[in-house]
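What follows is the content of target04.cif (mmCIF, N, CA and C atoms and all ligand atoms).
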data_data
#
loop_
_atom_site.label_atom_id
_atom_site.label_comp_id
_atom_site.auth_asym_id
_atom_site.auth_seq_id
_atom_site.Cartn_x
_atom_site.Cartn_y
_atom_site.Cartn_z
N MET A 1 3.91 -46.15 45.31
CA MET A 1 5.08 -45.44 44.81
C MET A 1 4.80 -44.90 43.42
N VAL A 2 5.18 -43.64 43.22
CA VAL A 2 4.93 -42.97 41.94
C VAL A 2 6.06 -43.29 40.98
N PRO A 3 5.72 -43.72 39.79
CA PRO A 3 6.81 -43.99 38.81
C PRO A 3 7.63 -42.73 38.55
N GLU A 4 8.90 -42.94 38.41
CA GLU A 4 9.82 -41.81 38.30
C GLU A 4 9.47 -40.90 37.11
N GLU A 5 9.01 -41.51 36.03
CA GLU A 5 8.73 -40.69 34.83
C GLU A 5 7.62 -39.67 35.09
N ARG A 6 6.75 -39.97 36.00
CA ARG A 6 5.68 -39.00 36.30
C ARG A 6 6.20 -37.88 37.18
N ILE A 7 7.10 -38.20 38.08
CA ILE A 7 7.65 -37.18 38.97
C ILE A 7 8.48 -36.17 38.19
N CYS A 8 9.24 -36.66 37.24
CA CYS A 8 10.19 -35.80 36.56
C CYS A 8 9.60 -35.02 35.39
N ARG A 9 8.37 -35.30 35.07
CA ARG A 9 7.80 -34.61 33.92
C ARG A 9 7.63 -33.12 34.22
N VAL A 10 8.19 -32.33 33.41
CA VAL A 10 8.11 -30.88 33.59
C VAL A 10 7.34 -30.31 32.42
N HIS A 11 6.36 -29.53 32.74
CA HIS A 11 5.56 -28.91 31.67
C HIS A 11 6.07 -27.50 31.41
N LEU A 12 6.91 -27.40 30.43
CA LEU A 12 7.40 -26.07 30.05
C LEU A 12 6.38 -25.43 29.12
N PRO A 13 6.10 -24.16 29.37
CA PRO A 13 5.18 -23.50 28.41
C PRO A 13 5.81 -23.43 27.04
N ARG A 14 5.04 -23.74 26.06
CA ARG A 14 5.56 -23.67 24.69
C ARG A 14 5.58 -22.21 24.25
N SER A 15 6.71 -21.83 23.75
CA SER A 15 6.83 -20.45 23.28
C SER A 15 6.00 -20.26 22.02
N ARG A 16 5.15 -19.28 22.07
CA ARG A 16 4.36 -18.97 20.88
C ARG A 16 5.02 -17.88 20.04
N HIS A 17 6.13 -17.39 20.53
CA HIS A 17 6.73 -16.25 19.84
C HIS A 17 8.07 -16.61 19.21
N ARG A 18 8.45 -17.88 19.35
CA ARG A 18 9.78 -18.25 18.89
C ARG A 18 9.91 -18.05 17.39
N ARG A 19 8.96 -18.53 16.64
CA ARG A 19 9.02 -18.38 15.19
C ARG A 19 7.63 -18.01 14.68
N PRO A 20 7.41 -16.72 14.46
CA PRO A 20 6.08 -16.35 13.96
C PRO A 20 5.81 -16.99 12.62
N PRO A 21 4.61 -17.45 12.40
CA PRO A 21 4.31 -18.07 11.12
C PRO A 21 4.44 -17.07 9.97
N ALA A 22 4.96 -17.54 8.86
CA ALA A 22 5.09 -16.66 7.71
C ALA A 22 3.70 -16.29 7.21
N PRO A 23 3.54 -15.05 6.80
CA PRO A 23 2.23 -14.68 6.24
C PRO A 23 1.89 -15.57 5.05
N LYS A 24 0.63 -15.88 4.93
CA LYS A 24 0.22 -16.79 3.86
C LYS A 24 0.53 -16.24 2.47
N ASP A 25 0.54 -14.92 2.38
CA ASP A 25 0.76 -14.34 1.06
C ASP A 25 2.22 -13.96 0.86
N ASP A 26 3.11 -14.56 1.65
CA ASP A 26 4.51 -14.17 1.62
C ASP A 26 5.09 -14.20 0.22
N ASP A 27 4.84 -15.28 -0.48
CA ASP A 27 5.41 -15.41 -1.82
C ASP A 27 4.34 -15.34 -2.90
N THR A 28 3.15 -15.13 -2.51
CA THR A 28 2.06 -15.08 -3.48
C THR A 28 1.27 -13.79 -3.28
N PRO A 29 1.75 -12.73 -3.93
CA PRO A 29 1.07 -11.45 -3.77
C PRO A 29 -0.41 -11.54 -4.10
N VAL A 30 -1.15 -10.65 -3.47
CA VAL A 30 -2.59 -10.62 -3.71
C VAL A 30 -2.85 -10.34 -5.19
N THR A 31 -3.55 -11.21 -5.80
CA THR A 31 -3.85 -11.01 -7.22
C THR A 31 -5.30 -11.42 -7.46
N ASP A 32 -5.82 -10.97 -8.56
CA ASP A 32 -7.09 -11.50 -9.00
C ASP A 32 -7.06 -11.55 -10.52
N GLY A 33 -8.05 -12.11 -11.11
CA GLY A 33 -8.02 -12.32 -12.54
C GLY A 33 -8.60 -11.16 -13.33
N ASN A 34 -8.86 -10.06 -12.67
CA ASN A 34 -9.53 -8.95 -13.34
C ASN A 34 -8.56 -8.19 -14.24
N LYS A 35 -8.89 -8.13 -15.54
CA LYS A 35 -8.01 -7.43 -16.48
C LYS A 35 -7.98 -5.93 -16.21
N ASN A 36 -8.99 -5.44 -15.50
CA ASN A 36 -9.02 -4.01 -15.20
C ASN A 36 -8.18 -3.65 -13.99
N SER A 37 -7.56 -4.65 -13.41
CA SER A 37 -6.76 -4.37 -12.23
C SER A 37 -5.47 -3.67 -12.62
N LEU A 38 -5.06 -2.75 -11.79
CA LEU A 38 -3.77 -2.10 -11.94
C LEU A 38 -2.90 -2.58 -10.80
N ARG A 39 -1.72 -3.04 -11.17
CA ARG A 39 -0.86 -3.71 -10.20
C ARG A 39 0.44 -2.95 -9.98
N CYS A 40 1.01 -3.20 -8.83
CA CYS A 40 2.36 -2.71 -8.54
C CYS A 40 3.31 -3.32 -9.57
N THR A 41 4.11 -2.49 -10.23
CA THR A 41 5.00 -3.03 -11.26
C THR A 41 6.08 -3.93 -10.66
N LEU A 42 6.35 -3.76 -9.38
CA LEU A 42 7.42 -4.54 -8.76
C LEU A 42 6.95 -5.91 -8.30
N CYS A 43 5.84 -5.97 -7.59
CA CYS A 43 5.43 -7.25 -6.98
C CYS A 43 4.09 -7.75 -7.53
N HIS A 44 3.44 -6.98 -8.41
CA HIS A 44 2.22 -7.38 -9.10
C HIS A 44 0.99 -7.49 -8.20
N THR A 45 1.10 -6.94 -7.01
CA THR A 45 -0.08 -6.86 -6.15
C THR A 45 -1.11 -5.91 -6.78
N VAL A 46 -2.38 -6.29 -6.72
CA VAL A 46 -3.42 -5.41 -7.23
C VAL A 46 -3.51 -4.17 -6.34
N ILE A 47 -3.37 -3.02 -6.96
CA ILE A 47 -3.37 -1.76 -6.21
C ILE A 47 -4.73 -1.06 -6.33
N THR A 48 -5.23 -0.99 -7.56
CA THR A 48 -6.52 -0.36 -7.78
C THR A 48 -7.10 -0.91 -9.08
N LYS A 49 -8.18 -0.34 -9.54
CA LYS A 49 -8.83 -0.83 -10.75
C LYS A 49 -9.13 0.34 -11.68
N GLN A 50 -9.19 0.04 -12.96
CA GLN A 50 -9.46 1.09 -13.96
C GLN A 50 -10.76 1.82 -13.65
N GLU A 51 -11.76 1.07 -13.17
CA GLU A 51 -13.05 1.72 -12.94
C GLU A 51 -13.04 2.70 -11.77
N LEU A 52 -11.96 2.69 -11.01
CA LEU A 52 -11.84 3.67 -9.92
C LEU A 52 -11.13 4.93 -10.38
N ALA A 53 -10.79 4.99 -11.68
CA ALA A 53 -10.12 6.18 -12.22
C ALA A 53 -11.01 7.41 -12.03
N LEU A 54 -10.35 8.53 -11.78
CA LEU A 54 -11.06 9.74 -11.40
C LEU A 54 -10.43 10.92 -12.13
N SER A 55 -11.26 11.87 -12.50
CA SER A 55 -10.76 13.13 -13.04
C SER A 55 -10.71 14.16 -11.92
N VAL A 56 -9.53 14.73 -11.72
CA VAL A 56 -9.37 15.74 -10.68
C VAL A 56 -8.91 17.03 -11.34
N GLN A 57 -9.59 18.12 -11.04
CA GLN A 57 -9.28 19.42 -11.64
C GLN A 57 -9.14 19.30 -13.16
N GLY A 58 -10.04 18.52 -13.74
CA GLY A 58 -10.16 18.44 -15.19
C GLY A 58 -9.37 17.36 -15.87
N SER A 59 -8.61 16.56 -15.12
CA SER A 59 -7.80 15.54 -15.79
C SER A 59 -7.55 14.33 -14.90
N HIS A 60 -7.49 13.16 -15.54
CA HIS A 60 -7.15 11.93 -14.82
C HIS A 60 -5.64 11.87 -14.56
N GLU A 61 -4.87 12.35 -15.56
CA GLU A 61 -3.42 12.30 -15.44
C GLU A 61 -2.85 13.70 -15.23
N HIS A 62 -1.84 13.75 -14.39
CA HIS A 62 -1.20 15.03 -14.10
C HIS A 62 0.30 14.82 -14.08
N ALA A 63 1.04 15.84 -14.45
CA ALA A 63 2.50 15.79 -14.36
C ALA A 63 2.95 16.92 -13.44
N PHE A 64 3.78 16.55 -12.47
CA PHE A 64 4.24 17.53 -11.49
C PHE A 64 5.72 17.33 -11.23
N PHE A 65 6.31 18.38 -10.67
CA PHE A 65 7.66 18.25 -10.12
C PHE A 65 7.55 18.35 -8.61
N ASN A 66 8.36 17.55 -7.91
CA ASN A 66 8.42 17.72 -6.46
C ASN A 66 9.49 18.77 -6.16
N PRO A 67 9.62 19.17 -4.89
CA PRO A 67 10.58 20.24 -4.56
C PRO A 67 12.02 19.88 -4.94
N ALA A 68 12.32 18.59 -5.06
CA ALA A 68 13.67 18.18 -5.44
C ALA A 68 13.86 18.20 -6.96
N GLY A 69 12.82 18.60 -7.69
CA GLY A 69 12.95 18.69 -9.15
C GLY A 69 12.68 17.39 -9.87
N ILE A 70 12.18 16.39 -9.15
CA ILE A 70 11.89 15.09 -9.77
C ILE A 70 10.48 15.14 -10.36
N ALA A 71 10.38 14.74 -11.63
CA ALA A 71 9.08 14.76 -12.31
C ALA A 71 8.29 13.50 -11.98
N PHE A 72 7.01 13.69 -11.75
CA PHE A 72 6.10 12.56 -11.52
C PHE A 72 4.90 12.70 -12.43
N GLU A 73 4.57 11.63 -13.11
CA GLU A 73 3.29 11.56 -13.80
C GLU A 73 2.38 10.72 -12.94
N ILE A 74 1.28 11.32 -12.54
CA ILE A 74 0.38 10.59 -11.65
C ILE A 74 -0.99 10.43 -12.31
N ARG A 75 -1.67 9.40 -11.88
CA ARG A 75 -3.04 9.12 -12.32
C ARG A 75 -3.92 9.10 -11.08
N CYS A 76 -5.11 9.67 -11.21
CA CYS A 76 -5.97 9.83 -10.03
C CYS A 76 -7.03 8.73 -9.96
N PHE A 77 -7.22 8.24 -8.74
CA PHE A 77 -8.18 7.17 -8.49
C PHE A 77 -8.98 7.47 -7.22
N ARG A 78 -10.22 7.02 -7.24
CA ARG A 78 -11.08 7.20 -6.08
C ARG A 78 -10.55 6.46 -4.86
N ALA A 79 -9.94 5.31 -5.10
CA ALA A 79 -9.44 4.47 -4.02
C ALA A 79 -8.29 3.64 -4.52
N ALA A 80 -7.46 3.19 -3.60
CA ALA A 80 -6.33 2.32 -3.93
C ALA A 80 -6.18 1.32 -2.80
N PRO A 81 -7.05 0.29 -2.83
CA PRO A 81 -7.08 -0.66 -1.69
C PRO A 81 -5.78 -1.43 -1.49
N GLY A 82 -4.92 -1.45 -2.51
CA GLY A 82 -3.66 -2.19 -2.37
C GLY A 82 -2.54 -1.38 -1.77
N THR A 83 -2.86 -0.20 -1.26
CA THR A 83 -1.81 0.63 -0.66
C THR A 83 -1.98 0.70 0.85
N VAL A 84 -0.90 1.07 1.49
CA VAL A 84 -0.94 1.43 2.90
C VAL A 84 -0.36 2.84 3.01
N LEU A 85 -0.85 3.59 3.97
CA LEU A 85 -0.40 4.96 4.13
C LEU A 85 0.75 5.02 5.11
N GLN A 86 1.66 5.95 4.85
CA GLN A 86 2.82 6.08 5.73
C GLN A 86 2.96 7.53 6.18
N GLY A 87 3.22 7.70 7.47
CA GLY A 87 3.45 9.04 8.01
C GLY A 87 2.17 9.85 8.09
N GLY A 88 2.33 11.09 8.49
CA GLY A 88 1.17 11.95 8.66
C GLY A 88 0.84 12.70 7.38
N THR A 89 -0.20 13.50 7.46
CA THR A 89 -0.57 14.30 6.31
C THR A 89 0.20 15.61 6.32
N SER A 90 0.36 16.19 5.15
CA SER A 90 1.07 17.45 5.01
C SER A 90 0.42 18.28 3.92
N ASP A 91 0.49 19.58 4.07
CA ASP A 91 0.03 20.43 2.97
C ASP A 91 1.21 21.16 2.33
N VAL A 92 2.42 20.76 2.70
CA VAL A 92 3.61 21.40 2.15
C VAL A 92 3.76 21.00 0.69
N PHE A 93 3.84 22.01 -0.17
CA PHE A 93 4.06 21.80 -1.60
C PHE A 93 2.99 20.87 -2.19
N SER A 94 1.78 20.99 -1.73
CA SER A 94 0.73 20.13 -2.29
C SER A 94 0.46 20.49 -3.74
N TRP A 95 0.33 19.47 -4.58
CA TRP A 95 0.08 19.68 -6.01
C TRP A 95 -1.36 20.09 -6.28
N PHE A 96 -2.24 19.83 -5.31
CA PHE A 96 -3.65 20.15 -5.49
C PHE A 96 -4.04 21.16 -4.41
N SER A 97 -4.36 22.35 -4.85
CA SER A 97 -4.66 23.43 -3.93
C SER A 97 -5.78 23.03 -2.96
N GLY A 98 -5.53 23.25 -1.68
CA GLY A 98 -6.53 22.94 -0.67
C GLY A 98 -6.50 21.49 -0.20
N TYR A 99 -5.57 20.71 -0.73
CA TYR A 99 -5.50 19.29 -0.36
C TYR A 99 -4.23 19.01 0.45
N HIS A 100 -4.40 18.14 1.44
CA HIS A 100 -3.26 17.59 2.15
C HIS A 100 -2.87 16.27 1.49
N TRP A 101 -1.62 15.91 1.60
CA TRP A 101 -1.18 14.64 1.01
C TRP A 101 -0.55 13.75 2.08
N GLN A 102 -0.58 12.47 1.77
CA GLN A 102 0.01 11.46 2.64
C GLN A 102 0.61 10.39 1.75
N VAL A 103 1.80 9.93 2.08
CA VAL A 103 2.50 8.95 1.24
C VAL A 103 1.75 7.63 1.23
N ALA A 104 1.60 7.04 0.03
CA ALA A 104 0.95 5.74 -0.13
C ALA A 104 1.97 4.73 -0.68
N LEU A 105 2.09 3.62 0.03
CA LEU A 105 3.03 2.56 -0.36
C LEU A 105 2.27 1.32 -0.82
N CYS A 106 2.94 0.50 -1.63
CA CYS A 106 2.38 -0.81 -1.93
C CYS A 106 2.23 -1.59 -0.62
N ALA A 107 1.06 -2.16 -0.40
CA ALA A 107 0.82 -2.88 0.86
C ALA A 107 1.66 -4.13 0.96
N HIS A 108 2.16 -4.62 -0.18
CA HIS A 108 2.92 -5.87 -0.15
C HIS A 108 4.43 -5.62 -0.09
N CYS A 109 4.96 -4.83 -1.02
CA CYS A 109 6.42 -4.67 -1.10
C CYS A 109 6.89 -3.31 -0.59
N ARG A 110 5.95 -2.44 -0.22
CA ARG A 110 6.27 -1.14 0.37
C ARG A 110 6.95 -0.17 -0.60
N THR A 111 6.84 -0.42 -1.89
CA THR A 111 7.30 0.57 -2.86
C THR A 111 6.43 1.81 -2.75
N HIS A 112 7.06 2.96 -2.91
CA HIS A 112 6.29 4.21 -2.91
C HIS A 112 5.51 4.30 -4.21
N LEU A 113 4.19 4.27 -4.11
CA LEU A 113 3.35 4.28 -5.31
C LEU A 113 2.68 5.62 -5.56
N GLY A 114 2.64 6.47 -4.56
CA GLY A 114 1.99 7.76 -4.78
C GLY A 114 1.55 8.38 -3.47
N TRP A 115 0.41 9.07 -3.54
CA TRP A 115 -0.05 9.83 -2.38
C TRP A 115 -1.57 9.76 -2.30
N ARG A 116 -2.06 9.85 -1.09
CA ARG A 116 -3.49 10.07 -0.90
C ARG A 116 -3.69 11.55 -0.63
N PHE A 117 -4.61 12.16 -1.34
CA PHE A 117 -4.91 13.57 -1.17
C PHE A 117 -6.25 13.72 -0.47
N THR A 118 -6.26 14.58 0.53
CA THR A 118 -7.47 14.80 1.31
C THR A 118 -7.81 16.28 1.31
N GLY A 119 -9.00 16.61 0.87
CA GLY A 119 -9.47 17.99 0.87
C GLY A 119 -10.98 17.96 0.86
N ASP A 120 -11.57 18.61 -0.13
CA ASP A 120 -13.03 18.52 -0.27
C ASP A 120 -13.45 17.08 -0.55
N THR A 121 -12.57 16.36 -1.22
CA THR A 121 -12.77 14.93 -1.47
C THR A 121 -11.49 14.20 -1.08
N VAL A 122 -11.52 12.89 -1.20
CA VAL A 122 -10.33 12.09 -0.96
C VAL A 122 -10.05 11.31 -2.23
N PHE A 123 -8.81 11.34 -2.68
CA PHE A 123 -8.44 10.53 -3.85
C PHE A 123 -6.97 10.17 -3.75
N PHE A 124 -6.58 9.22 -4.61
CA PHE A 124 -5.19 8.80 -4.67
C PHE A 124 -4.56 9.28 -5.97
N GLY A 125 -3.36 9.81 -5.89
CA GLY A 125 -2.57 10.10 -7.07
C GLY A 125 -1.45 9.08 -7.13
N LEU A 126 -1.57 8.16 -8.10
CA LEU A 126 -0.59 7.06 -8.18
C LEU A 126 0.39 7.32 -9.30
N ILE A 127 1.65 7.06 -9.05
CA ILE A 127 2.71 7.30 -10.02
C ILE A 127 2.51 6.35 -11.20
N ALA A 128 2.29 6.94 -12.39
CA ALA A 128 1.89 6.16 -13.56
C ALA A 128 2.87 5.04 -13.88
N ALA A 129 4.16 5.31 -13.71
CA ALA A 129 5.17 4.32 -14.07
C ALA A 129 5.25 3.16 -13.07
N ARG A 130 4.58 3.30 -11.94
CA ARG A 130 4.71 2.26 -10.91
C ARG A 130 3.47 1.37 -10.78
N ILE A 131 2.50 1.62 -11.65
CA ILE A 131 1.33 0.73 -11.71
C ILE A 131 1.08 0.36 -13.16
N ARG A 132 0.55 -0.81 -13.38
CA ARG A 132 0.20 -1.19 -14.75
C ARG A 132 -0.86 -2.27 -14.73
ZN ZN B 201 4.45 -3.94 -4.63
#
Show this structure as structure tokens.
Ligand SMILES: [Zn+2]
Amino acid sequence: MVPEERICRVHLPRSRHRRPPAPKDDDTPVTDGNKNSLRCTLCHTVITKQELALSVQGSHEHAFFNPAGIAFEIRCFRAAPGTVLQGGTSDVFSWFSGYHWQVALCAHCRTHLGWRFTGDTVFFGLIAARIR
């Protein structure tokens, strides 16, 4: 005779999707000790580094207005590893002739930090007030 506890045991599959684990960096933004790092002003995630600064069309810093009349001071960098790109590329109202732009957000808090420009070269124009 089989003990009742063995008959009644039901093996329910454990749900792996009930509560996704929180990302490890949930409350601890990506940081490093490099003084040359430039960080998102909101969440302090490292966005790029001073040594990635780039001169585009004769200047590292540029001031532009967007079509809505909002002024942006941007700084140009070869790369911005702390960003994620959003949406497709566009050449509408591009500030750099011959370049397409794509919105770049902070990879951690999703603040709009600037744009990636693609043309003869690829570079990032980051809003000066949003990185430090
Ligand atoms: Zn951020």
Checklist entry - In Å, how far is it from CA of Thr89 (chain A) to CA of Thr121 (chain A)? => result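 Going from CA of Thr89 (chain A) over to CA of Thr121 (chain A), I get 14.5 Å.
Closest approach to Ser55 (chain A) among A:Lys35, A:Cys76, A:Pro67, A:Val92: A:Cys76, based on only C-alpha atoms.
For the residues A:Leu52, A:Cys106, A:Ile47, A:Ala128, ranking by smallest atom-to-atom distance to ligand ZN 201 (chain B) using only C-alpha atoms and all ligand atoms places A:Cys106 first.
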Near ligand ZN 201 (chain B), 7 Å: chain A residue rows, closest pairs, only N, CA and C atoms and all ligand atoms, as a Markdown table:
| residue | atom | partner | partner_atom | distance |
| --- | --- | --- | --- | --- |
| A:Arg39 | C | B:ZN201 | ZN | 6.8 |
| A:Cys40 | CA | B:ZN201 | ZN | 4.6 |
| A:Thr41 | N | B:ZN201 | ZN | 5.8 |
| A:Leu42 | C | B:ZN201 | ZN | 4.9 |
| A:Cys43 | N | B:ZN201 | ZN | 3.8 |
| A:His44 | N | B:ZN201 | ZN | 5.0 |
| A:Thr45 | N | B:ZN201 | ZN | 5.1 |
| A:Leu105 | C | B:ZN201 | ZN | 6.9 |
| A:Cys106 | CA | B:ZN201 | ZN | 4.6 |
| A:Ala107 | N | B:ZN201 | ZN | 5.7 |
| A:His108 | C | B:ZN201 | ZN | 4.8 |
| A:Cys109 | N | B:ZN201 | ZN | 3.8 |
| A:Arg110 | N | B:ZN201 | ZN | 4.9 |
| A:Thr111 | N | B:ZN201 | ZN | 5.1 |
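Our summary of the geometry notes that atom C of Arg116 (chain A) is positioned 11.0 Å from atom N of Ser94 (chain A).
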Item to check | Pairwise distance for CA of His100 (chain A) and atom C of Thr118 (chain A), rounded to one decimal in Å | outcome: 4.8 Å
Checklist entry - Which polymer residues have any atom within 5 Å of an atom of Ala104 (chain A), counting all atoms listed in the file, with same-chain residues fewer than 4 positions away left out, as a list in words? => result Val84, Leu85, Gln86, His112, Leu113, Gly114, Trp115 and Arg116 of chain A
Item to check | Selection near Ala63 (chain A), 8 Å with all atoms listed in the file, sequence-local residues under 3 positions removed, as a PyMOL selection string | outcome: chain A and resi 60+66+71-75
Checklist entry - Using only C-alpha atoms, which residue out of A:Ala80, A:Ala129, A:Leu38, A:Val46 lies closest to Glu61 (chain A)? => result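 Going through A:Ala80, A:Ala129, A:Leu38, A:Val46 one by one, the smallest distance to Glu61 (chain A) is for A:Ala129.
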If you count all atoms listed in the file, which residues fall within 8 Å of Trp95 (chain A), apart from same-chain ones fewer than 5 positions away, as a PDB file with N, CA and C atoms, keeping the file's coordinate frame?
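Done, and the output landed in result.pdb:
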ATOM      1  N   PHE A  64       3.780  16.550 -12.470  1.00  0.00           N
ATOM      2  CA  PHE A  64       4.240  17.530 -11.490  1.00  0.00           C
ATOM      3  C   PHE A  64       5.720  17.330 -11.230  1.00  0.00           C
ATOM      4  N   PHE A  65       6.310  18.380 -10.670  1.00  0.00           N
ATOM      5  CA  PHE A  65       7.660  18.250 -10.120  1.00  0.00           C
ATOM      6  C   PHE A  65       7.550  18.350  -8.610  1.00  0.00           C
ATOM      7  N   HIS A 100      -4.400  18.140   1.440  1.00  0.00           N
ATOM      8  CA  HIS A 100      -3.260  17.590   2.150  1.00  0.00           C
ATOM      9  C   HIS A 100      -2.870  16.270   1.490  1.00  0.00           C
ATOM     10  N   TRP A 101      -1.620  15.910   1.600  1.00  0.00           N
ATOM     11  CA  TRP A 101      -1.180  14.640   1.010  1.00  0.00           C
ATOM     12  C   TRP A 101      -0.550  13.750   2.080  1.00  0.00           C
TER      13      TRP A 101
END
Next on the checklist: Can you tell me, as a PyMOL selection string, which residues in region 15-115 of chain A count as strand (DSSP E) by DSSP?
Outcome noted: chain A and resi 37-39+46-49+61-65+71-77+83-90+100-106+112-115
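If you measure from each of A:Val122, A:Gln102, A:Ile127, A:Leu54 to Phe77 (chain A) using only C-alpha atoms, the closest one turns out to be A:Leu54.
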